[in-house]
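A.B. asks: query.cif is the file, holding mmCIF, C-alpha atoms:
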data_input
loop_
_atom_site.label_atom_id
_atom_site.label_comp_id
_atom_site.auth_asym_id
_atom_site.auth_seq_id
_atom_site.Cartn_x
_atom_site.Cartn_y
_atom_site.Cartn_z
CA MET A 1 155.92 10.72 -60.24
CA GLN A 2 155.07 8.47 -57.30
CA LEU A 3 154.98 11.51 -55.01
CA ILE A 4 152.53 13.25 -57.36
CA ILE A 5 150.29 10.19 -57.50
CA VAL A 6 150.26 9.88 -53.70
CA THR A 7 149.53 13.59 -53.33
CA VAL A 8 146.56 13.46 -55.71
CA PHE A 9 145.27 10.33 -53.97
CA ILE A 10 145.39 12.02 -50.56
CA PHE A 11 143.67 15.06 -52.03
CA CYS A 12 140.89 12.88 -53.47
CA ALA A 13 140.47 11.06 -50.15
CA ALA A 14 140.21 14.39 -48.31
CA ILE A 15 137.62 15.64 -50.82
CA ALA A 16 135.56 12.47 -50.36
CA ALA A 17 135.63 12.68 -46.57
CA GLY A 18 134.78 16.39 -46.55
CA SER A 19 131.91 15.97 -49.00
CA ILE A 20 130.33 13.17 -46.99
CA LEU A 21 130.59 15.30 -43.85
CA LEU A 22 128.96 18.32 -45.51
CA VAL A 23 126.04 16.31 -46.90
CA SER A 24 125.54 14.57 -43.56
CA ARG A 25 125.22 17.95 -41.87
CA LEU A 26 122.76 19.15 -44.51
CA ILE A 27 120.63 16.04 -44.01
CA LYS A 28 120.49 16.66 -40.26
CA GLU A 29 119.63 20.30 -40.86
CA PHE A 30 116.87 20.00 -43.46
CA GLN A 31 115.87 16.30 -43.77
CA LEU A 32 114.89 16.72 -47.43
CA PRO A 33 114.78 13.76 -49.86
CA PHE A 34 117.12 15.29 -52.46
CA LEU A 35 119.88 15.64 -49.84
CA ARG A 36 119.74 11.93 -49.04
CA THR A 37 119.84 11.18 -52.76
CA LEU A 38 122.90 13.44 -53.09
CA PHE A 39 124.54 11.50 -50.26
CA TYR A 40 124.11 8.25 -52.19
CA ASN A 41 125.33 9.93 -55.37
CA ILE A 42 128.66 10.97 -53.88
CA ILE A 43 129.09 7.58 -52.20
CA PHE A 44 128.64 5.73 -55.51
CA ILE A 45 130.75 8.17 -57.56
CA PHE A 46 133.59 8.12 -55.04
CA ALA A 47 133.34 4.32 -54.89
CA PHE A 48 133.77 4.24 -58.66
CA GLY A 49 136.65 6.69 -58.39
CA PHE A 50 138.52 4.66 -55.79
CA TYR A 51 137.67 1.22 -57.12
CA GLY A 52 137.52 1.74 -60.85
CA VAL A 53 140.11 4.49 -61.37
CA TRP A 54 142.49 4.45 -58.45
CA GLY A 55 142.32 0.66 -58.58
CA GLN A 56 144.22 0.85 -61.88
CA PHE A 57 147.04 2.80 -60.25
CA ILE A 58 147.16 0.39 -57.30
CA ILE A 59 147.21 -2.69 -59.53
CA ALA A 60 149.99 -1.25 -61.67
CA GLY A 61 152.00 -0.07 -58.67
CA VAL A 62 151.61 -3.07 -56.37
CA ALA A 63 151.26 -6.05 -58.72
CA GLY A 64 152.61 -4.66 -61.96
CA THR A 65 156.07 -6.23 -61.60
CA ARG A 66 154.78 -9.51 -60.17
CA LEU A 67 152.33 -10.43 -62.94
CA THR A 68 152.85 -11.30 -66.56
CA PRO A 69 151.71 -8.59 -69.01
CA GLU A 70 148.76 -10.75 -70.10
CA LEU A 71 147.59 -11.41 -66.55
CA LEU A 72 148.08 -7.78 -65.54
CA SER A 73 145.96 -6.71 -68.51
CA SER A 74 143.16 -9.14 -67.57
CA VAL A 75 143.14 -8.05 -63.94
CA SER A 76 142.99 -4.37 -64.92
CA VAL A 77 140.08 -4.95 -67.31
CA ILE A 78 138.11 -6.93 -64.71
CA SER A 79 138.73 -4.27 -62.05
CA LEU A 80 137.55 -1.51 -64.36
CA LEU A 81 134.42 -3.40 -65.41
CA LEU A 82 133.53 -4.19 -61.79
CA GLY A 83 133.75 -0.50 -60.98
CA LEU A 84 131.16 0.47 -63.61
CA PRO A 85 128.07 -0.56 -61.54
CA PHE A 86 129.04 2.05 -58.94
CA LEU A 87 129.16 4.60 -61.74
CA VAL A 88 125.71 3.61 -63.03
CA PHE A 89 124.13 4.01 -59.60
CA GLY A 90 125.93 7.33 -59.21
CA TRP A 91 124.42 8.55 -62.49
CA LEU A 92 120.99 7.35 -61.38
CA MET A 93 121.30 9.24 -58.09
CA ILE A 94 122.27 12.52 -59.80
CA LEU A 95 119.15 12.24 -61.97
CA LYS A 96 116.97 11.54 -58.93
CA PHE A 97 118.67 14.42 -57.10
CA ALA A 98 117.89 16.79 -59.98
CA ALA A 99 114.25 15.69 -60.13
CA GLU A 100 113.71 15.95 -56.37
CA ILE A 101 115.10 19.50 -56.25
CA SER A 102 112.07 20.50 -58.34
CA GLY A 103 109.75 18.56 -56.10
CA LYS A 104 109.28 15.72 -58.59
CA GLU A 105 109.84 11.99 -58.32
CA PHE A 106 112.03 9.85 -60.55
CA GLY A 107 109.52 7.12 -61.28
CA ALA A 108 110.07 3.41 -60.75
CA VAL A 109 109.52 2.65 -64.43
CA VAL A 110 112.14 5.17 -65.54
CA THR A 111 114.54 3.89 -62.88
CA SER A 112 114.07 0.29 -64.05
CA LEU A 113 114.63 1.22 -67.69
CA PHE A 114 117.72 3.23 -66.80
CA LEU A 115 119.25 0.33 -64.87
CA LEU A 116 118.34 -2.25 -67.51
CA LEU A 117 119.89 -0.14 -70.27
CA ASN A 118 123.13 0.62 -68.47
CA PHE A 119 123.68 -2.82 -67.01
CA GLY A 120 122.96 -4.24 -70.43
CA VAL A 121 125.72 -2.02 -71.81
CA ILE A 122 128.09 -3.15 -69.05
CA ILE A 123 127.40 -6.81 -69.82
CA ALA A 124 127.95 -6.10 -73.51
CA LEU A 125 131.22 -4.36 -72.69
CA GLY A 126 132.33 -7.37 -70.66
CA MET A 127 131.51 -9.74 -73.51
CA LEU A 128 133.16 -7.44 -76.03
CA ALA A 129 136.29 -7.14 -73.92
CA GLY A 130 136.62 -10.92 -73.78
CA ASP A 131 140.24 -11.76 -74.30
CA LYS A 132 141.15 -8.29 -75.55
CA ALA A 133 144.09 -6.52 -73.97
CA TYR A 134 143.60 -3.64 -71.57
CA ASP A 135 144.76 -1.08 -74.15
CA ASP A 136 142.12 -2.35 -76.59
CA THR A 137 139.31 -2.38 -74.02
CA LEU A 138 139.99 1.00 -72.40
CA PRO A 139 138.94 3.13 -75.43
CA ILE A 140 135.54 1.39 -75.51
CA ILE A 141 134.94 2.12 -71.83
CA LYS A 142 136.16 5.70 -72.28
CA TYR A 143 133.56 6.27 -75.03
CA TYR A 144 130.85 4.76 -72.84
CA TYR A 145 131.78 7.00 -69.92
CA ALA A 146 132.08 10.15 -72.04
CA GLY A 147 128.73 9.53 -73.75
CA GLY A 148 126.93 8.59 -70.54
CA VAL A 149 128.22 11.42 -68.37
CA THR A 150 127.42 13.98 -71.08
CA LEU A 151 123.90 12.66 -71.75
CA PHE A 152 122.93 12.31 -68.10
CA SER A 153 124.40 15.66 -67.05
CA PHE A 154 122.28 17.50 -69.63
CA THR A 155 119.27 15.45 -68.55
CA ALA A 156 119.95 16.50 -64.96
CA LEU A 157 120.09 20.13 -66.11
CA LEU A 158 116.61 19.84 -67.65
CA LEU A 159 115.25 18.21 -64.49
CA ILE A 160 116.77 20.83 -62.18
CA MET A 161 115.38 23.73 -64.20
CA ARG A 162 111.83 22.37 -64.36
CA LYS A 163 109.10 24.37 -62.70
CA GLY A 164 107.70 22.86 -59.55
CA ASP A 165 107.81 22.99 -55.77
CA CYS A 166 111.50 23.90 -55.86
CA ARG A 167 113.68 23.86 -52.76
CA LEU A 168 116.29 26.14 -54.33
CA SER A 169 116.15 29.53 -56.02
CA ILE A 170 116.54 29.81 -59.78
CA SER A 171 120.06 31.24 -59.40
CA ASP A 172 121.15 28.35 -57.16
CA ARG A 173 119.71 25.81 -59.60
CA ARG A 174 121.51 27.48 -62.49
CA LEU A 175 124.79 27.31 -60.58
CA LEU A 176 124.31 23.62 -59.80
CA SER A 177 123.49 22.97 -63.46
CA VAL A 178 126.70 24.69 -64.56
CA ILE A 179 128.74 22.59 -62.12
CA ILE A 180 127.12 19.30 -63.16
CA VAL A 181 127.32 19.92 -66.91
CA GLY A 182 130.69 21.69 -66.81
CA GLY A 183 132.27 18.92 -64.75
CA ALA A 184 130.87 16.26 -67.08
CA LEU A 185 132.12 18.01 -70.22
CA MET A 186 135.60 18.49 -68.79
CA GLN A 187 135.82 14.83 -67.82
CA ALA A 188 134.63 13.74 -71.26
CA ALA A 189 137.12 16.08 -72.95
CA VAL A 190 140.02 14.67 -70.93
CA LEU A 191 139.08 11.10 -71.86
CA LEU A 192 138.51 11.74 -75.55
CA LEU A 193 141.07 14.42 -76.40
CA LEU A 194 144.14 13.55 -74.34
CA PRO A 195 146.34 10.53 -75.12
CA HIS A 196 146.22 7.71 -72.61
CA SER A 197 148.87 8.28 -69.95
CA ILE A 198 149.36 8.59 -66.21
CA TRP A 199 148.80 12.35 -66.51
CA MET A 200 145.50 11.82 -68.27
CA GLY A 201 144.37 9.42 -65.54
CA LEU A 202 145.36 11.80 -62.75
CA LEU A 203 143.62 14.76 -64.37
CA PHE A 204 140.47 12.73 -64.97
CA VAL A 205 140.22 11.41 -61.42
CA PHE A 206 140.91 14.89 -60.03
CA LEU A 207 138.05 16.35 -62.10
CA LEU A 208 135.76 13.46 -61.10
CA PHE A 209 136.26 14.08 -57.38
CA ALA A 210 136.31 17.88 -57.63
CA ALA A 211 133.10 18.16 -59.68
CA THR A 212 131.28 15.77 -57.35
CA ALA A 213 132.47 17.62 -54.24
CA LEU A 214 131.44 21.05 -55.54
CA ILE A 215 127.74 20.21 -55.26
CA PRO A 216 127.65 19.79 -51.45
CA VAL A 217 130.01 22.78 -51.09
CA ILE A 218 127.59 25.00 -53.02
CA LEU A 219 124.58 23.69 -51.10
CA THR A 220 126.35 24.34 -47.78
CA TYR A 221 127.97 27.71 -48.34
CA ARG A 222 126.11 29.34 -51.24
CA ALA A 223 122.59 28.00 -51.69
CA ASP A 224 119.57 28.88 -49.61
CA ILE A 225 117.65 25.66 -49.10
CA LYS A 226 113.95 26.09 -48.44
CA SER A 227 112.42 23.94 -45.74
CA PRO A 228 109.00 22.38 -46.32
CA ARG A 229 106.26 24.94 -45.78
CA ILE A 230 103.73 24.49 -43.02
CA SER A 231 100.10 25.17 -43.92
CA GLU A 232 99.65 27.89 -41.34
CA THR A 233 101.67 29.97 -38.94
CA LEU A 234 102.88 27.91 -36.01
CA PRO A 235 101.24 29.19 -32.80
CA LEU A 236 103.90 29.82 -30.17
CA PRO A 237 103.16 28.89 -26.54
CA SER A 238 102.43 31.79 -24.25
CA GLY A 239 105.39 30.79 -22.10
CA ILE A 240 107.89 30.84 -24.95
CA GLU A 241 109.74 33.73 -23.30
CA ASP A 242 110.59 31.49 -20.35
CA PHE A 243 112.03 28.97 -22.78
CA PHE A 244 114.17 31.70 -24.33
CA ILE A 245 115.47 32.75 -20.90
CA LYS A 246 116.15 29.17 -19.82
CA SER A 247 118.06 28.42 -23.03
CA GLU A 248 119.90 31.78 -22.91
CA ILE A 249 118.44 32.81 -26.26
CA SER A 250 119.31 36.36 -27.29
CA PRO A 251 116.62 38.74 -28.64
CA ARG A 252 117.91 38.33 -32.21
CA GLU A 253 118.00 34.54 -31.85
CA ALA A 254 114.44 34.66 -30.53
CA GLU A 255 113.35 36.52 -33.67
CA ILE A 256 115.01 33.90 -35.84
CA ILE A 257 113.33 31.05 -33.92
CA ARG A 258 109.94 32.67 -34.52
CA GLU A 259 110.61 32.97 -38.25
CA ILE A 260 111.94 29.40 -38.47
CA CYS A 261 108.72 28.22 -36.86
CA ASN A 262 106.81 30.20 -39.50
CA GLY A 263 108.53 28.19 -42.22
CA LEU A 264 110.84 30.88 -43.61
CA SER A 265 114.11 29.89 -45.29
CA ASN A 266 117.43 31.36 -44.18
CA GLN A 267 117.41 33.86 -47.05
CA GLU A 268 113.84 34.90 -46.32
CA ILE A 269 114.73 35.44 -42.66
CA ALA A 270 117.77 37.49 -43.69
CA ASP A 271 115.63 39.65 -45.97
CA LYS A 272 112.94 40.16 -43.36
CA LEU A 273 115.35 41.03 -40.53
CA PHE A 274 117.74 43.03 -42.78
CA ILE A 275 120.78 40.93 -41.92
CA SER A 276 123.13 38.82 -44.04
CA LEU A 277 122.51 35.19 -44.91
CA GLN A 278 125.70 34.14 -43.12
CA THR A 279 124.55 35.95 -39.97
CA VAL A 280 121.32 33.94 -40.03
CA LYS A 281 123.30 30.72 -40.40
CA ASP A 282 125.58 31.67 -37.51
CA HIS A 283 122.61 32.48 -35.27
CA THR A 284 120.87 29.25 -36.27
CA SER A 285 123.94 27.20 -35.40
CA ARG A 286 124.09 28.78 -31.94
CA ILE A 287 120.35 28.20 -31.45
CA TYR A 288 120.77 24.49 -32.15
CA SER A 289 123.64 24.33 -29.68
CA LYS A 290 121.70 26.10 -26.93
CA THR A 291 118.47 24.13 -27.40
CA ASN A 292 120.08 20.75 -28.23
CA ALA A 293 118.08 20.64 -31.46
CA ARG A 294 119.66 18.81 -34.42
CA ASN A 295 117.73 20.56 -37.18
CA ARG A 296 114.86 22.88 -38.04
CA MET A 297 112.16 20.26 -37.85
CA GLN A 298 113.25 19.18 -34.38
CA LEU A 299 113.38 22.82 -33.22
CA MET A 300 109.87 23.43 -34.58
CA THR A 301 108.58 20.29 -32.88
CA MET A 302 110.28 21.31 -29.64
CA VAL A 303 108.57 24.70 -29.71
CA ARG A 304 105.23 23.22 -30.76
CA ASN A 305 105.27 20.79 -27.84
CA LEU A 306 106.27 23.32 -25.20
CA GLN A 307 103.99 23.18 -22.18
CA ILE A 308 105.36 25.95 -20.01
CA LEU A 309 103.18 27.09 -17.16
#
Spit out the file's structure as structure tokens when you get a sec.

C.D. replies:
Amino acid sequence: MQLIIVTVFIFCAAIAAGSILLVSRLIKEFQLPFLRTLFYNIIFIFAFGFYGVWGQFIIAGVAGTRLTPELLSSVSVISLLLGLPFLVFGWLMILKFAAEISGKEFGAVVTSLFLLLNFGVIIALGMLAGDKAYDDTLPIIKYYYAGGVTLFSFTALLLIMRKGDCRLSISDRRLLSVIIVGGALMQAAVLLLLPHSIWMGLLFVFLLFAATALIPVILTYRADIKSPRISETLPLPSGIEDFFIKSEISPREAEIIREICNGLSNQEIADKLFISLQTVKDHTSRIYSKTNARNRMQLMTMVRNLQIL
């Protein structure tokens, strides 16, 4: 059993590290607000996972034999309650992420009400727990988590599917909605339908990390993120060909640079040039390497500011 626990922990740690890396790359590439919000979402959710969930395994494994049952129960309850604020901020970030995908803002008033409500519940849970044993407190927290994650995931679905200045296609938004809602429902089902045990805890934490990690994976390898549109076609300097030669830009890469500067997304470039989306991404990666540009906006600025005689 210890080997299984260690294996799942390593897997969760690898998922967390990989997800953070993927979102960091997306932020450098597109510099869009919803990507930064997603970054904070995965940080808070993974913090809750490590602190609030894995903390229970660590407490039981490291201090379980050294503490009295009463003290062990109190420590476990306190650790779990202290992990809930990370969860609340993670839920807030997924709602902001969903709103920003549609080009909307999650207002300050709504944010304040959300935080007041959830932190009020956490305080109430702490007072209710009081001197109760861990086994008596855990079901209350499980109901809170199951209700919250279900409610906020469906709210995120509604926000994602709203009409607006969307940065993702309707199919990509539908896929993200399925992942968010499906992951939430599976986590809630595990908490409410399975008896409390080590296996239940391992399955829950696996689903928590996997569902969170799927969002940046989809955005990186499946979705076509649209960059902010420029009001008019970007005029290219007359000496742009010299820049292409100096940077060893191939004819196909030159075409892609022109379309990037015209504000086209990767999918739109692929459709216009009759090539695959992955081919566009591969060319774009090589363009950044050759020109020392970190992202689209920097490449566009570099081209705009060219003064080649």

A.B. asks: Taking (134.2, -9.3, -70.0) in the coordinates of the supplied file, I want to know which residues reach to within 8 Å of it, counting all atoms listed in the file; could you give the answer as an MDAnalysis selection string?

C.D. replies: chainID A and resid 77:78 81 123:131

A.B. asks: Please save C-alpha atoms of the selected residues as an mmCIF file, keeping the file's coordinate frame.

C.D. replies:
data_model
loop_
_atom_site.group_PDB
_atom_site.id
_atom_site.type_symbol
_atom_site.label_atom_id
_atom_site.label_comp_id
_atom_site.auth_asym_id
_atom_site.auth_seq_id
_atom_site.Cartn_x
_atom_site.Cartn_y
_atom_site.Cartn_z
ATOM 1 C CA VAL A 77 140.080 -4.950 -67.310
ATOM 2 C CA ILE A 78 138.110 -6.930 -64.710
ATOM 3 C CA LEU A 81 134.420 -3.400 -65.410
ATOM 4 C CA ILE A 123 127.400 -6.810 -69.820
ATOM 5 C CA ALA A 124 127.950 -6.100 -73.510
ATOM 6 C CA LEU A 125 131.220 -4.360 -72.690
ATOM 7 C CA GLY A 126 132.330 -7.370 -70.660
ATOM 8 C CA MET A 127 131.510 -9.740 -73.510
ATOM 9 C CA LEU A 128 133.160 -7.440 -76.030
ATOM 10 C CA ALA A 129 136.290 -7.140 -73.920
ATOM 11 C CA GLY A 130 136.620 -10.920 -73.780
ATOM 12 C CA ASP A 131 140.240 -11.760 -74.300
#

A.B. asks: Do you know which residues are at most 6 Å from Phe97 in chain A counting all atoms listed in the file, after dropping those on the same chain fewer than 3 positions away, and could you put them as a list of chain:residue names?

C.D. replies: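 These residues fall inside the cut-off: A:Phe34, A:Thr37, A:Leu38, A:Met93, A:Ile94, A:Glu100.
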
A.B. asks: How would the residues just chosen look if you wrote them out with C-alpha atoms as a tab-separated table (two decimals), keeping the file's coordinate frame?

C.D. replies:
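What follows is the written file again18.tsv:
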chain	number	residue	atom	x	y	z
A	34	PHE	CA	117.12	15.29	-52.46
A	37	THR	CA	119.84	11.18	-52.76
A	38	LEU	CA	122.90	13.44	-53.09
A	93	MET	CA	121.30	9.24	-58.09
A	94	ILE	CA	122.27	12.52	-59.80
A	100	GLU	CA	113.71	15.95	-56.37

A.B. asks: Calculate how many Å separate CA of Val217 in chain A from CA of Leu26 in chain A, rounding to one decimal.

C.D. replies: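 A separation of 10.4 Å between them.
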
A.B. asks: Could you write out as a short mmCIF file (atom, residue, chain, number, x, y, z; two decimals) with C-alpha atoms, in the coordinates of the input the residues that the PyMOL selection byres ((chain A and resi 18) around 12) matches in the shown file?

C.D. replies:
data_model
loop_
_atom_site.label_atom_id
_atom_site.label_comp_id
_atom_site.auth_asym_id
_atom_site.auth_seq_id
_atom_site.Cartn_x
_atom_site.Cartn_y
_atom_site.Cartn_z
CA PHE A 11 143.67 15.06 -52.03
CA CYS A 12 140.89 12.88 -53.47
CA ALA A 13 140.47 11.06 -50.15
CA ALA A 14 140.21 14.39 -48.31
CA ILE A 15 137.62 15.64 -50.82
CA ALA A 16 135.56 12.47 -50.36
CA ALA A 17 135.63 12.68 -46.57
CA SER A 19 131.91 15.97 -49.00
CA ILE A 20 130.33 13.17 -46.99
CA LEU A 21 130.59 15.30 -43.85
CA LEU A 22 128.96 18.32 -45.51
CA VAL A 23 126.04 16.31 -46.90
CA SER A 24 125.54 14.57 -43.56
CA ARG A 25 125.22 17.95 -41.87
CA PHE A 39 124.54 11.50 -50.26
CA ILE A 42 128.66 10.97 -53.88
CA ILE A 43 129.09 7.58 -52.20
CA PHE A 46 133.59 8.12 -55.04
CA PHE A 209 136.26 14.08 -57.38
CA ALA A 210 136.31 17.88 -57.63
CA THR A 212 131.28 15.77 -57.35
CA ALA A 213 132.47 17.62 -54.24
CA LEU A 214 131.44 21.05 -55.54
CA ILE A 215 127.74 20.21 -55.26
CA PRO A 216 127.65 19.79 -51.45
CA VAL A 217 130.01 22.78 -51.09
CA THR A 220 126.35 24.34 -47.78
#

A.B. asks: Restricting the calculation to only C-alpha atoms: of A:Gln56, A:Ser265, A:Asn118, A:Thr111, which residue gets closest to Phe86 in chain A?

C.D. replies: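 Closest to Phe86 in chain A of all the choices is A:Asn118.
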
A.B. asks: Would you compute the box with edges along x, y and z of the file around range 251-260 of chain A, including every atom the file lists for it and 4 Å extra on each side, and give its centre and edge lengths in Å to one decimal, as lines of an AutoDock Vina configuration file?

C.D. replies:
center_x = 114.0
center_y = 34.1
center_z = -33.6
size_x = 16.1
size_y = 17.3
size_z = 17.8

A.B. asks: Tell me which protein, DNA and RNA residues are within 10 Å of Leu203 in chain A, counting all atoms listed in the file, leaving out same-chain ones fewer than 5 positions away, and put them as a ChimeraX atom specification.

C.D. replies: /A:8,186-187,190-191,198,208

A.B. asks: Please evaluate the PyMOL selection byres ((chain A and resi 279) around 12) against the displayed coordinates and give the resulting residues as a list in words.

C.D. replies: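 For this structure, the PyMOL selection byres ((chain A and resi 279) around 12) resolves to Arg252, Glu253, Ile256, Asn266, Gln267, Ile269, Ala270, Asp271, Leu273, Phe274, Ile275, Ser276, Leu277, Gln278, Val280, Lys281, Asp282, His283, Thr284, Ser285 and Arg286 of chain A.
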
A.B. asks: Emit the selected residues as a tab-separated table (two decimals), keeping the file's coordinate frame, including C-alpha atoms.

C.D. replies:
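Once everything was written out, this is selection_31.tsv:
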chain	number	residue	atom	x	y	z
A	252	ARG	CA	117.91	38.33	-32.21
A	253	GLU	CA	118.00	34.54	-31.85
A	256	ILE	CA	115.01	33.90	-35.84
A	266	ASN	CA	117.43	31.36	-44.18
A	267	GLN	CA	117.41	33.86	-47.05
A	269	ILE	CA	114.73	35.44	-42.66
A	270	ALA	CA	117.77	37.49	-43.69
A	271	ASP	CA	115.63	39.65	-45.97
A	273	LEU	CA	115.35	41.03	-40.53
A	274	PHE	CA	117.74	43.03	-42.78
A	275	ILE	CA	120.78	40.93	-41.92
A	276	SER	CA	123.13	38.82	-44.04
A	277	LEU	CA	122.51	35.19	-44.91
A	278	GLN	CA	125.70	34.14	-43.12
A	280	VAL	CA	121.32	33.94	-40.03
A	281	LYS	CA	123.30	30.72	-40.40
A	282	ASP	CA	125.58	31.67	-37.51
A	283	HIS	CA	122.61	32.48	-35.27
A	284	THR	CA	120.87	29.25	-36.27
A	285	SER	CA	123.94	27.20	-35.40
A	286	ARG	CA	124.09	28.78	-31.94

A.B. asks: Mind pulling up the distance from CA of Leu159 in chain A to CA of Ala99 in chain A?

C.D. replies: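 Distance between the two atoms: 5.1 Å.
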
A.B. asks: For range 48-54 of chain A, please output as a list in words all residues within 6 Å (counting all atoms listed in the file; exclusion window: fewer than 5 positions along the same chain).

C.D. replies: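 In the requested form, the answer reads Leu80, Gly83, Phe86 and Leu87 of chain A.
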
A.B. asks: Could the residues in this selection be saved with C-alpha atoms as a tab-separated table (two decimals), in the frame of the given file?

C.D. replies:
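Everything below was put into out11.tsv:
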chain	number	residue	atom	x	y	z
A	80	LEU	CA	137.55	-1.51	-64.36
A	83	GLY	CA	133.75	-0.50	-60.98
A	86	PHE	CA	129.04	2.05	-58.94
A	87	LEU	CA	129.16	4.60	-61.74

A.B. asks: Run the PyMOL selection byres ((chain A and resi 139-150) around 8) on the file and write out the hits as a PDB file with C-alpha atoms, in the frame of the given file.

C.D. replies:
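Okay, this is what ended up in part28.pdb:
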ATOM      1  CA  TRP A  91     124.420   8.550 -62.490  1.00  0.00           C
ATOM      2  CA  LEU A 125     131.220  -4.360 -72.690  1.00  0.00           C
ATOM      3  CA  ASP A 135     144.760  -1.080 -74.150  1.00  0.00           C
ATOM      4  CA  ASP A 136     142.120  -2.350 -76.590  1.00  0.00           C
ATOM      5  CA  THR A 137     139.310  -2.380 -74.020  1.00  0.00           C
ATOM      6  CA  LEU A 138     139.990   1.000 -72.400  1.00  0.00           C
ATOM      7  CA  LEU A 151     123.900  12.660 -71.750  1.00  0.00           C
ATOM      8  CA  PHE A 152     122.930  12.310 -68.100  1.00  0.00           C
ATOM      9  CA  SER A 153     124.400  15.660 -67.050  1.00  0.00           C
ATOM     10  CA  PHE A 154     122.280  17.500 -69.630  1.00  0.00           C
ATOM     11  CA  VAL A 181     127.320  19.920 -66.910  1.00  0.00           C
ATOM     12  CA  ALA A 184     130.870  16.260 -67.080  1.00  0.00           C
ATOM     13  CA  LEU A 185     132.120  18.010 -70.220  1.00  0.00           C
ATOM     14  CA  GLN A 187     135.820  14.830 -67.820  1.00  0.00           C
ATOM     15  CA  ALA A 188     134.630  13.740 -71.260  1.00  0.00           C
ATOM     16  CA  ALA A 189     137.120  16.080 -72.950  1.00  0.00           C
ATOM     17  CA  LEU A 191     139.080  11.100 -71.860  1.00  0.00           C
ATOM     18  CA  LEU A 192     138.510  11.740 -75.550  1.00  0.00           C
TER      19      LEU A 192
END

A.B. asks: Which one is closest to Arg174 in chain A: A:Leu3, A:Ala98, A:Leu113, A:Leu299? Count only C-alpha atoms.

C.D. replies: A:Ala98

A.B. asks: I'd like to know which of A:Phe106, A:Ala211, A:Phe57, A:Arg162 is closest to Gln2 in chain A, using only C-alpha atoms.

C.D. replies: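 When distances to Gln2 in chain A are compared using only C-alpha atoms, the smallest one comes from A:Phe57.
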
A.B. asks: To one decimal in Å, tell me the separation between CA of Gln31 in chain A and CA of Cys166 in chain A.

C.D. replies: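 So the two atoms, CA of Gln31 in chain A and CA of Cys166 in chain A, lie 14.9 Å apart.
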
A.B. asks: Could you name the residues that touch Arg173 in chain A at 9 Å or less, counting only C-alpha atoms, but leaving out those on the same chain fewer than 4 positions away, as an MDAnalysis selection string?

C.D. replies: chainID A and resid 101 157 160:161 168:169 177:178 223

A.B. asks: Give the answer as one residue: which of A:Leu92, A:Phe119, A:Ile257, A:Leu82 has the shortest atom-to-atom distance to Ala156 in chain A, using all atoms listed in the file?

C.D. replies: A:Leu92
